[in-house]
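Novice: Got a structure for you, upload.cif, holding mmCIF, C-alpha atoms.
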```cif
data_target
#
loop_
_atom_site.label_atom_id
_atom_site.label_comp_id
_atom_site.auth_asym_id
_atom_site.auth_seq_id
_atom_site.Cartn_x
_atom_site.Cartn_y
_atom_site.Cartn_z
CA ASP A 32 -12.56 -0.33 30.06
CA ALA A 33 -11.08 -3.28 28.20
CA LYS A 34 -8.95 -2.16 25.30
CA THR A 35 -7.55 -3.80 22.20
CA THR A 36 -4.13 -3.66 20.59
CA GLN A 37 -3.60 -4.38 16.91
CA PRO A 38 -0.71 -4.02 14.47
CA THR A 39 -0.92 -0.79 12.53
CA SER A 40 -0.70 -2.40 9.10
CA MET A 41 -0.32 -5.71 7.28
CA ASP A 42 0.07 -6.89 3.71
CA CYS A 43 -1.36 -10.10 2.29
CA ALA A 44 -1.08 -11.69 -1.15
CA GLU A 45 -4.31 -12.12 -3.05
CA GLY A 46 -5.73 -15.62 -2.62
CA ARG A 47 -3.81 -16.28 0.57
CA ALA A 48 -5.22 -16.32 4.06
CA ALA A 49 -5.04 -13.06 5.99
CA ASN A 50 -4.52 -13.53 9.72
CA LEU A 51 -5.15 -10.39 11.75
CA PRO A 52 -4.16 -10.57 15.43
CA CYS A 53 -5.64 -8.66 18.34
CA ASN A 54 -4.66 -8.45 21.98
CA HIS A 55 -7.31 -7.78 24.62
CA SER A 56 -5.52 -8.83 27.77
CA THR A 57 -7.84 -6.92 30.14
CA ILE A 58 -11.07 -8.34 28.76
CA SER A 59 -13.68 -9.44 31.30
CA GLY A 60 -15.67 -12.65 31.25
CA ASN A 61 -18.87 -11.14 29.85
CA GLU A 62 -17.28 -8.93 27.21
CA TYR A 63 -17.58 -10.05 23.61
CA VAL A 64 -14.96 -9.56 20.90
CA TYR A 65 -16.27 -8.02 17.68
CA TRP A 66 -14.60 -7.38 14.37
CA TYR A 67 -15.61 -4.67 11.92
CA ARG A 68 -13.93 -3.39 8.82
CA GLN A 69 -13.98 -0.02 7.14
CA ILE A 70 -13.38 0.38 3.46
CA HIS A 71 -12.20 3.82 2.45
CA SER A 72 -14.82 6.55 2.88
CA GLN A 73 -17.53 4.15 4.04
CA GLY A 74 -19.02 3.38 7.45
CA PRO A 75 -17.70 0.32 9.30
CA GLN A 76 -19.17 -3.06 8.37
CA TYR A 77 -19.77 -5.93 10.79
CA ILE A 78 -17.72 -9.08 10.18
CA ILE A 79 -18.02 -11.48 13.11
CA HIS A 80 -18.16 -11.69 16.89
CA GLY A 81 -17.53 -14.24 19.63
CA LEU A 82 -17.19 -14.77 23.37
CA LYS A 83 -14.96 -17.79 23.93
CA ASN A 84 -15.69 -20.34 21.22
CA ASN A 85 -14.24 -20.07 17.74
CA GLU A 86 -16.71 -18.74 15.22
CA THR A 87 -17.05 -18.95 11.45
CA ASN A 88 -19.37 -17.29 8.98
CA GLU A 89 -19.40 -16.61 5.27
CA MET A 90 -16.92 -13.77 5.62
CA ALA A 91 -14.34 -14.94 8.12
CA SER A 92 -13.31 -17.09 11.06
CA LEU A 93 -12.58 -15.88 14.57
CA ILE A 94 -10.14 -17.78 16.75
CA ILE A 95 -10.15 -16.83 20.44
CA THR A 96 -7.45 -18.14 22.77
CA GLU A 97 -8.52 -20.19 25.75
CA ASP A 98 -7.55 -17.42 28.19
CA ARG A 99 -9.44 -14.93 25.97
CA LYS A 100 -6.55 -12.49 26.06
CA SER A 101 -6.14 -12.49 22.31
CA SER A 102 -7.91 -13.41 19.11
CA THR A 103 -7.22 -13.74 15.41
CA LEU A 104 -9.48 -12.86 12.51
CA ILE A 105 -8.91 -15.06 9.50
CA LEU A 106 -9.96 -14.15 5.97
CA PRO A 107 -9.41 -17.52 4.26
CA HIS A 108 -8.86 -16.32 0.70
CA ALA A 109 -8.15 -12.61 0.63
CA THR A 110 -9.22 -10.61 -2.41
CA LEU A 111 -8.38 -7.08 -3.47
CA ARG A 112 -11.81 -6.02 -2.19
CA ASP A 113 -10.75 -7.02 1.33
CA THR A 114 -8.31 -4.10 1.48
CA ALA A 115 -9.62 -2.09 4.43
CA VAL A 116 -9.00 -1.10 8.03
CA TYR A 117 -9.98 -3.93 10.38
CA TYR A 118 -11.11 -3.06 13.89
CA CYS A 119 -11.02 -5.45 16.82
CA ILE A 120 -13.56 -4.25 19.35
CA VAL A 121 -14.63 -5.16 22.86
CA ARG A 122 -18.32 -4.90 23.62
CA ILE A 123 -18.90 -3.90 27.22
CA PRO A 124 -22.25 -4.43 28.94
CA THR A 125 -23.42 -1.47 30.98
CA THR A 126 -25.44 -1.28 34.16
CA SER A 127 -28.47 -0.14 32.18
CA GLY A 128 -28.52 -3.43 30.29
CA THR A 129 -27.14 -2.05 27.07
CA TYR A 130 -23.73 -2.12 25.42
CA LYS A 131 -20.78 0.07 24.71
CA TYR A 132 -18.34 -0.69 21.89
CA ILE A 133 -14.72 0.30 22.38
CA PHE A 134 -12.93 0.66 19.04
CA GLY A 135 -9.15 0.57 18.75
CA THR A 136 -7.12 2.18 15.98
CA GLY A 137 -7.38 -0.89 13.73
CA THR A 138 -5.11 -2.71 11.31
CA ARG A 139 -4.80 -1.40 7.78
CA LEU A 140 -4.80 -4.54 5.60
CA LYS A 141 -3.55 -4.21 2.06
CA VAL A 142 -4.19 -7.13 -0.25
CA LEU A 143 -1.60 -7.28 -3.01
CA ALA A 144 -2.23 -8.59 -6.52
CA GLY B 195 -35.49 2.99 5.13
CA ALA B 196 -33.10 0.29 3.95
CA GLY B 197 -30.19 1.50 6.02
CA VAL B 198 -28.93 4.19 8.36
CA SER B 199 -28.88 7.59 6.71
CA GLN B 200 -27.10 10.74 7.78
CA SER B 201 -27.33 14.32 6.68
CA PRO B 202 -25.67 16.39 5.52
CA SER B 203 -22.95 14.26 3.95
CA ASN B 204 -20.56 17.19 4.12
CA LYS B 205 -20.63 20.33 6.23
CA VAL B 206 -18.20 23.21 6.13
CA THR B 207 -18.59 25.83 8.82
CA GLU B 208 -16.71 28.69 10.37
CA LYS B 209 -15.14 28.51 13.77
CA GLY B 210 -17.58 29.59 16.45
CA LYS B 211 -20.75 28.60 14.58
CA ASP B 212 -23.17 25.91 15.75
CA VAL B 213 -23.87 22.83 13.62
CA GLU B 214 -26.52 20.11 13.69
CA LEU B 215 -25.95 16.65 12.30
CA ARG B 216 -28.83 14.30 11.68
CA CYS B 217 -29.12 10.52 11.84
CA ASP B 218 -32.05 8.39 10.68
CA PRO B 219 -31.61 4.88 12.08
CA ILE B 220 -33.02 1.69 10.62
CA SER B 221 -36.72 1.53 11.35
CA GLY B 222 -37.43 -0.42 14.54
CA HIS B 223 -33.88 -0.27 15.88
CA THR B 224 -33.90 0.79 19.50
CA ALA B 225 -30.20 1.49 19.99
CA LEU B 226 -28.45 4.43 18.35
CA TYR B 227 -24.77 5.35 18.62
CA TRP B 228 -22.70 8.38 17.63
CA TYR B 229 -18.97 8.14 16.95
CA ARG B 230 -16.31 10.57 15.78
CA GLN B 231 -13.46 9.64 13.48
CA SER B 232 -10.62 12.07 12.99
CA LEU B 233 -8.43 11.76 9.90
CA GLY B 234 -6.49 8.49 9.97
CA GLN B 235 -7.77 7.57 13.40
CA GLY B 236 -10.08 4.94 14.83
CA LEU B 237 -13.63 5.53 15.99
CA GLU B 238 -14.17 7.51 19.18
CA PHE B 239 -17.42 6.75 21.00
CA LEU B 240 -19.48 9.85 21.78
CA ILE B 241 -22.97 8.91 22.99
CA TYR B 242 -25.61 6.25 22.68
CA PHE B 243 -29.34 5.91 23.17
CA GLN B 244 -31.22 2.75 24.06
CA GLY B 245 -35.00 2.85 24.00
CA ASN B 246 -36.37 5.09 26.72
CA SER B 247 -33.32 4.77 28.96
CA ALA B 248 -31.20 7.77 29.81
CA PRO B 249 -28.48 8.15 27.15
CA ASP B 250 -24.88 7.28 27.92
CA LYS B 251 -23.08 10.57 27.36
CA SER B 252 -19.74 9.47 28.74
CA GLY B 253 -17.91 9.92 25.44
CA LEU B 254 -18.89 13.51 24.74
CA PRO B 255 -15.62 15.51 24.68
CA SER B 256 -17.02 18.76 26.07
CA ASP B 257 -20.24 20.52 27.02
CA ARG B 258 -20.33 22.03 23.53
CA PHE B 259 -21.53 18.63 22.33
CA SER B 260 -25.09 17.42 22.89
CA ALA B 261 -27.47 14.97 21.27
CA GLU B 262 -31.15 14.25 21.25
CA ARG B 263 -33.25 11.40 20.02
CA THR B 264 -36.85 12.31 19.38
CA GLY B 265 -39.60 9.72 19.49
CA GLY B 266 -37.07 6.93 19.76
CA SER B 267 -36.08 7.36 16.13
CA VAL B 268 -34.25 10.30 14.54
CA SER B 269 -31.25 11.70 16.40
CA THR B 270 -29.52 15.07 16.16
CA LEU B 271 -25.97 15.73 17.29
CA THR B 272 -25.35 19.40 18.00
CA ILE B 273 -21.95 21.02 18.31
CA GLN B 274 -21.97 24.58 19.65
CA ARG B 275 -19.26 27.16 19.05
CA THR B 276 -17.34 24.80 16.76
CA GLN B 277 -13.57 24.63 16.95
CA GLN B 278 -11.09 23.47 14.34
CA GLU B 279 -10.35 20.33 16.35
CA ASP B 280 -14.00 19.32 15.88
CA SER B 281 -13.25 18.63 12.22
CA ALA B 282 -13.86 14.91 11.69
CA VAL B 283 -16.29 12.40 10.22
CA TYR B 284 -19.24 11.86 12.52
CA LEU B 285 -20.70 8.38 12.22
CA CYS B 286 -24.05 7.15 13.42
CA ALA B 287 -24.97 3.50 13.96
CA SER B 288 -28.10 1.67 15.07
CA SER B 289 -28.82 -1.83 16.27
CA GLY B 290 -31.99 -3.78 16.89
CA LEU B 291 -33.29 -6.29 19.38
CA ALA B 292 -34.43 -9.25 17.33
CA GLY B 293 -32.48 -12.22 16.07
CA VAL B 294 -28.96 -11.91 14.72
CA SER B 295 -29.29 -8.18 14.11
CA TYR B 296 -29.28 -7.61 17.85
CA ASN B 297 -25.53 -7.84 18.06
CA GLU B 298 -24.67 -5.95 14.92
CA GLN B 299 -24.36 -2.22 14.56
CA PHE B 300 -25.31 -0.85 11.17
CA PHE B 301 -23.40 2.29 10.31
CA GLY B 302 -24.43 5.24 8.22
CA PRO B 303 -22.12 6.84 5.65
CA GLY B 304 -21.12 9.62 8.04
CA THR B 305 -21.06 13.41 7.96
CA ARG B 306 -17.73 14.99 7.17
CA LEU B 307 -17.46 18.19 9.23
CA THR B 308 -14.82 20.78 8.37
CA VAL B 309 -14.37 23.77 10.65
CA LEU B 310 -12.45 26.61 9.05
#
```
Just give me the structure as structure tokens.
Specialist:
Amino acid sequence: DAKTTQPTSMDCAEGRAANLPCNHSTISGNEYVYWYRQIHSQGPQYIIHGLKNNETNEMASLIITEDRKSSTLILPHATLRDTAVYYCIVRIPTTSGTYKYIFGTGTRLKVLA
Amino acid sequence: GAGVSQSPSNKVTEKGKDVELRCDPISGHTALYWYRQSLGQGLEFLIYFQGNSAPDKSGLPSDRFSAERTGGSVSTLTIQRTQQEDSAVYLCASSGLAGVSYNEQFFGPGTRLTVL
């Protein structure tokens, strides 16, 4: 199974961009990269996903390297409410036509006032 | 319902007892996932169901763990003869087939299980 590696923790000043890296060097060509975040005591929340092109939505941007071995989640203007654990995940298609999501241990982002 | 719901929210049990955890997915979602999250750790995949296909049980840690999904909707995760290492938050998620929601898992609030 493809796996992800993330830094354990990061700090970011409020209002600045938060750049969260992820390594997924064993990813296969048909495996998507997903990002979720988990705010204390809540279930994980979807942020964004991509395959090989960079993606942007109202929450964040996802930059995927050309070789797809790493990616970066960018929160353009971090707020205190963005303090959470951020998970970089590989979605693996199965032979039954469905998907399996492999979560790593995540990066604990702390946004500082 | 509006989202994924799980019950109970908290469960305290004695070692050796059986427990059942329930998940109500979002109506119409065909995929349902169970995860376990130990204190300070990431999510550990346990099992998932997709429509009428055979469930993928590859993440279940032992034969004390089992899960069912009745009528393609509600799911129950059963842990027999609980051990202290089973203490964790058990999270359920569902995902649908239509439009943008197809790729997104919606998580419930979890059940916090404590085995004494």
Novice: From the list A:Asn84, A:Thr39, A:Ser92, A:Ser59, which residue is nearest chain B when using all atoms listed in the file?
Specialist: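 Under the stated criterion, the closest residue is A:Thr39.
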Novice: Take CA of Gly302 (chain B) and CA of Gly266 (chain B) and report the distance between them in Å, one decimal.
Specialist: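 Result for CA of Gly302 (chain B) versus CA of Gly266 (chain B): 17.2 Å, one decimal.
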Novice: Separation of CA of Gln235 (chain B) and CA of Thr36 (chain A), in Å?
Specialist: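 That distance, rounded to one decimal, is 13.8 Å.
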Novice: Using Å and a single decimal, report how far CA of Ser289 (chain B) sits from CA of Arg263 (chain B).
Specialist: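 Those two atoms sit 14.4 Å apart.
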Novice: At a cut-off of 6 Å, list the chain A residues touching chain B, using all atoms listed in the file, as a PyMOL selection string.
Specialist: chain A and resi 73-74+134-136
Novice: Extract, using all atoms listed in the file, all DNA, RNA and protein residues at most 9 Å from Ala261 (chain B), discarding same-chain residues fewer than 2 positions from it, and format them as a PDB file with C-alpha atoms, in the frame of the given file.
Specialist:
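File written: around.pdb
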```pdb
ATOM      1  CA  TRP B 228     -22.700   8.380  17.630  1.00  0.00           C
ATOM      2  CA  ILE B 241     -22.970   8.910  22.990  1.00  0.00           C
ATOM      3  CA  LYS B 251     -23.080  10.570  27.360  1.00  0.00           C
ATOM      4  CA  PHE B 259     -21.530  18.630  22.330  1.00  0.00           C
ATOM      5  CA  ARG B 263     -33.250  11.400  20.020  1.00  0.00           C
ATOM      6  CA  SER B 269     -31.250  11.700  16.400  1.00  0.00           C
ATOM      7  CA  THR B 270     -29.520  15.070  16.160  1.00  0.00           C
ATOM      8  CA  LEU B 271     -25.970  15.730  17.290  1.00  0.00           C
ATOM      9  CA  THR B 272     -25.350  19.400  18.000  1.00  0.00           C
ATOM     10  CA  ILE B 273     -21.950  21.020  18.310  1.00  0.00           C
TER      11      ILE B 273
END
```
Novice: For a cutoff of 8 Å around the file-coordinate point (-23.3, -14.8, 12.8), which residues qualify once you count all atoms listed in the file? I'd like the result as a CSV table (one decimal) with C-alpha atoms, in the frame of the given file.
Specialist:
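So selection-v4.csv came out as:
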```
chain,number,residue,atom,x,y,z
A,79,ILE,CA,-18.0,-11.5,13.1
A,80,HIS,CA,-18.2,-11.7,16.9
A,87,THR,CA,-17.0,-19.0,11.4
A,88,ASN,CA,-19.4,-17.3,9.0
B,294,VAL,CA,-29.0,-11.9,14.7
```
Novice: Run through the PyMOL selection byres ((chain A and resi 111-115) around 8) on the given coordinates and return the selected residues as a ChimeraX atom specification.
Specialist: /A:45,68-71,109-110,116-117,139-144
Novice: For the file shown, report as a count of residues only the outcome of the PyMOL selection byres ((chain A and resi 65) around 9) at residue level.
Specialist: 16
Novice: Which residue gives the smallest distance to Pro52 (chain A) among A:Pro107, A:Gly137, A:Pro124, A:Pro75, with only C-alpha atoms counted?
Specialist: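 So, comparing all the options, the nearest one is A:Gly137.
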Novice: For His223 (chain B), work out the shell of residues within 8 Å, counting all atoms listed in the file and skipping chain neighbours fewer than 2 positions away, then give it as a PyMOL selection string.
Specialist: chain B and resi 219-221+225-226+267+288-291
Novice: Applied to this file, what does the PyMOL selection byres ((chain B and resi 216) around 8) return in terms of residues, put as a PyMOL selection string?
Specialist: chain B and resi 200-202+214-215+217-218+268-271
Novice: Could region 97-128 of chain A be completed with N, CA and C atoms and written as a JSON list (two decimals), keeping the file's coordinate frame, please?
Specialist:
```json
[["chain", "number", "residue", "atom", "x", "y", "z"],
["A", 97, "GLU", "N", -7.78, -19.64, 24.61],
["A", 97, "GLU", "CA", -8.52, -20.19, 25.75],
["A", 97, "GLU", "C", -8.59, -19.19, 26.92],
["A", 98, "ASP", "N", -7.53, -18.41, 27.10],
["A", 98, "ASP", "CA", -7.55, -17.42, 28.19],
["A", 98, "ASP", "C", -8.26, -16.13, 27.77],
["A", 99, "ARG", "N", -8.69, -16.07, 26.53],
["A", 99, "ARG", "CA", -9.44, -14.93, 25.97],
["A", 99, "ARG", "C", -8.64, -13.64, 25.91],
["A", 100, "LYS", "N", -7.35, -13.72, 26.06],
["A", 100, "LYS", "CA", -6.55, -12.49, 26.06],
["A", 100, "LYS", "C", -6.16, -12.07, 24.66],
["A", 101, "SER", "N", -6.42, -12.89, 23.68],
["A", 101, "SER", "CA", -6.14, -12.49, 22.31],
["A", 101, "SER", "C", -7.03, -13.27, 21.35],
["A", 102, "SER", "N", -7.11, -12.74, 20.14],
["A", 102, "SER", "CA", -7.91, -13.41, 19.11],
["A", 102, "SER", "C", -7.28, -13.13, 17.75],
["A", 103, "THR", "N", -7.70, -13.91, 16.77],
["A", 103, "THR", "CA", -7.22, -13.74, 15.41],
["A", 103, "THR", "C", -8.40, -13.81, 14.45],
["A", 104, "LEU", "N", -8.48, -12.83, 13.59],
["A", 104, "LEU", "CA", -9.48, -12.86, 12.51],
["A", 104, "LEU", "C", -8.81, -13.44, 11.29],
["A", 105, "ILE", "N", -9.47, -14.41, 10.67],
["A", 105, "ILE", "CA", -8.91, -15.06, 9.50],
["A", 105, "ILE", "C", -9.82, -14.84, 8.30],
["A", 106, "LEU", "N", -9.27, -14.23, 7.26],
["A", 106, "LEU", "CA", -9.96, -14.15, 5.97],
["A", 106, "LEU", "C", -9.34, -15.25, 5.12],
["A", 107, "PRO", "N", -10.05, -16.32, 4.82],
["A", 107, "PRO", "CA", -9.41, -17.52, 4.26],
["A", 107, "PRO", "C", -8.78, -17.33, 2.89],
["A", 108, "HIS", "N", -9.40, -16.54, 2.05],
["A", 108, "HIS", "CA", -8.86, -16.32, 0.70],
["A", 108, "HIS", "C", -9.02, -14.84, 0.37],
["A", 109, "ALA", "N", -8.03, -14.07, 0.75],
["A", 109, "ALA", "CA", -8.15, -12.61, 0.63],
["A", 109, "ALA", "C", -8.24, -12.19, -0.84],
["A", 110, "THR", "N", -9.10, -11.21, -1.08],
["A", 110, "THR", "CA", -9.22, -10.61, -2.41],
["A", 110, "THR", "C", -8.89, -9.13, -2.31],
["A", 111, "LEU", "N", -8.72, -8.50, -3.47],
["A", 111, "LEU", "CA", -8.38, -7.08, -3.47],
["A", 111, "LEU", "C", -9.46, -6.26, -2.77],
["A", 112, "ARG", "N", -10.69, -6.74, -2.82],
["A", 112, "ARG", "CA", -11.81, -6.02, -2.19],
["A", 112, "ARG", "C", -11.75, -6.08, -0.66],
["A", 113, "ASP", "N", -10.90, -6.94, -0.13],
["A", 113, "ASP", "CA", -10.75, -7.02, 1.33],
["A", 113, "ASP", "C", -9.79, -5.98, 1.87],
["A", 114, "THR", "N", -9.18, -5.19, 1.02],
["A", 114, "THR", "CA", -8.31, -4.10, 1.48],
["A", 114, "THR", "C", -9.16, -3.11, 2.26],
["A", 115, "ALA", "N", -8.80, -2.91, 3.53],
["A", 115, "ALA", "CA", -9.62, -2.09, 4.43],
["A", 115, "ALA", "C", -8.88, -1.95, 5.76],
["A", 116, "VAL", "N", -9.47, -1.16, 6.64],
["A", 116, "VAL", "CA", -9.00, -1.10, 8.03],
["A", 116, "VAL", "C", -9.88, -2.03, 8.85],
["A", 117, "TYR", "N", -9.26, -2.93, 9.60],
["A", 117, "TYR", "CA", -9.98, -3.93, 10.38],
["A", 117, "TYR", "C", -9.89, -3.58, 11.86],
["A", 118, "TYR", "N", -11.04, -3.45, 12.48],
["A", 118, "TYR", "CA", -11.11, -3.06, 13.89],
["A", 118, "TYR", "C", -11.50, -4.25, 14.75],
["A", 119, "CYS", "N", -10.71, -4.48, 15.78],
["A", 119, "CYS", "CA", -11.02, -5.45, 16.82],
["A", 119, "CYS", "C", -11.62, -4.66, 17.97],
["A", 120, "ILE", "N", -12.79, -5.06, 18.43],
["A", 120, "ILE", "CA", -13.56, -4.25, 19.35],
["A", 120, "ILE", "C", -14.01, -5.10, 20.53],
["A", 121, "VAL", "N", -14.05, -4.49, 21.71],
["A", 121, "VAL", "CA", -14.63, -5.16, 22.86],
["A", 121, "VAL", "C", -15.99, -4.54, 23.14],
["A", 122, "ARG", "N", -16.98, -5.37, 23.29],
["A", 122, "ARG", "CA", -18.32, -4.90, 23.62],
["A", 122, "ARG", "C", -18.54, -5.05, 25.12],
["A", 123, "ILE", "N", -18.81, -3.93, 25.76],
["A", 123, "ILE", "CA", -18.90, -3.90, 27.22],
["A", 123, "ILE", "C", -20.35, -3.73, 27.64],
["A", 124, "PRO", "N", -20.89, -4.64, 28.44],
["A", 124, "PRO", "CA", -22.25, -4.43, 28.94],
["A", 124, "PRO", "C", -22.25, -3.33, 30.00],
["A", 125, "THR", "N", -23.32, -2.55, 30.01],
["A", 125, "THR", "CA", -23.42, -1.47, 30.98],
["A", 125, "THR", "C", -24.46, -1.81, 32.04],
["A", 126, "THR", "N", -24.51, -1.01, 33.07],
["A", 126, "THR", "CA", -25.44, -1.28, 34.16],
["A", 126, "THR", "C", -26.89, -1.08, 33.74],
["A", 127, "SER", "N", -27.10, -0.36, 32.65],
["A", 127, "SER", "CA", -28.47, -0.14, 32.18],
["A", 127, "SER", "C", -28.94, -1.27, 31.28],
["A", 128, "GLY", "N", -28.11, -2.29, 31.10],
["A", 128, "GLY", "CA", -28.52, -3.43, 30.29],
["A", 128, "GLY", "C", -28.23, -3.28, 28.82]]
```
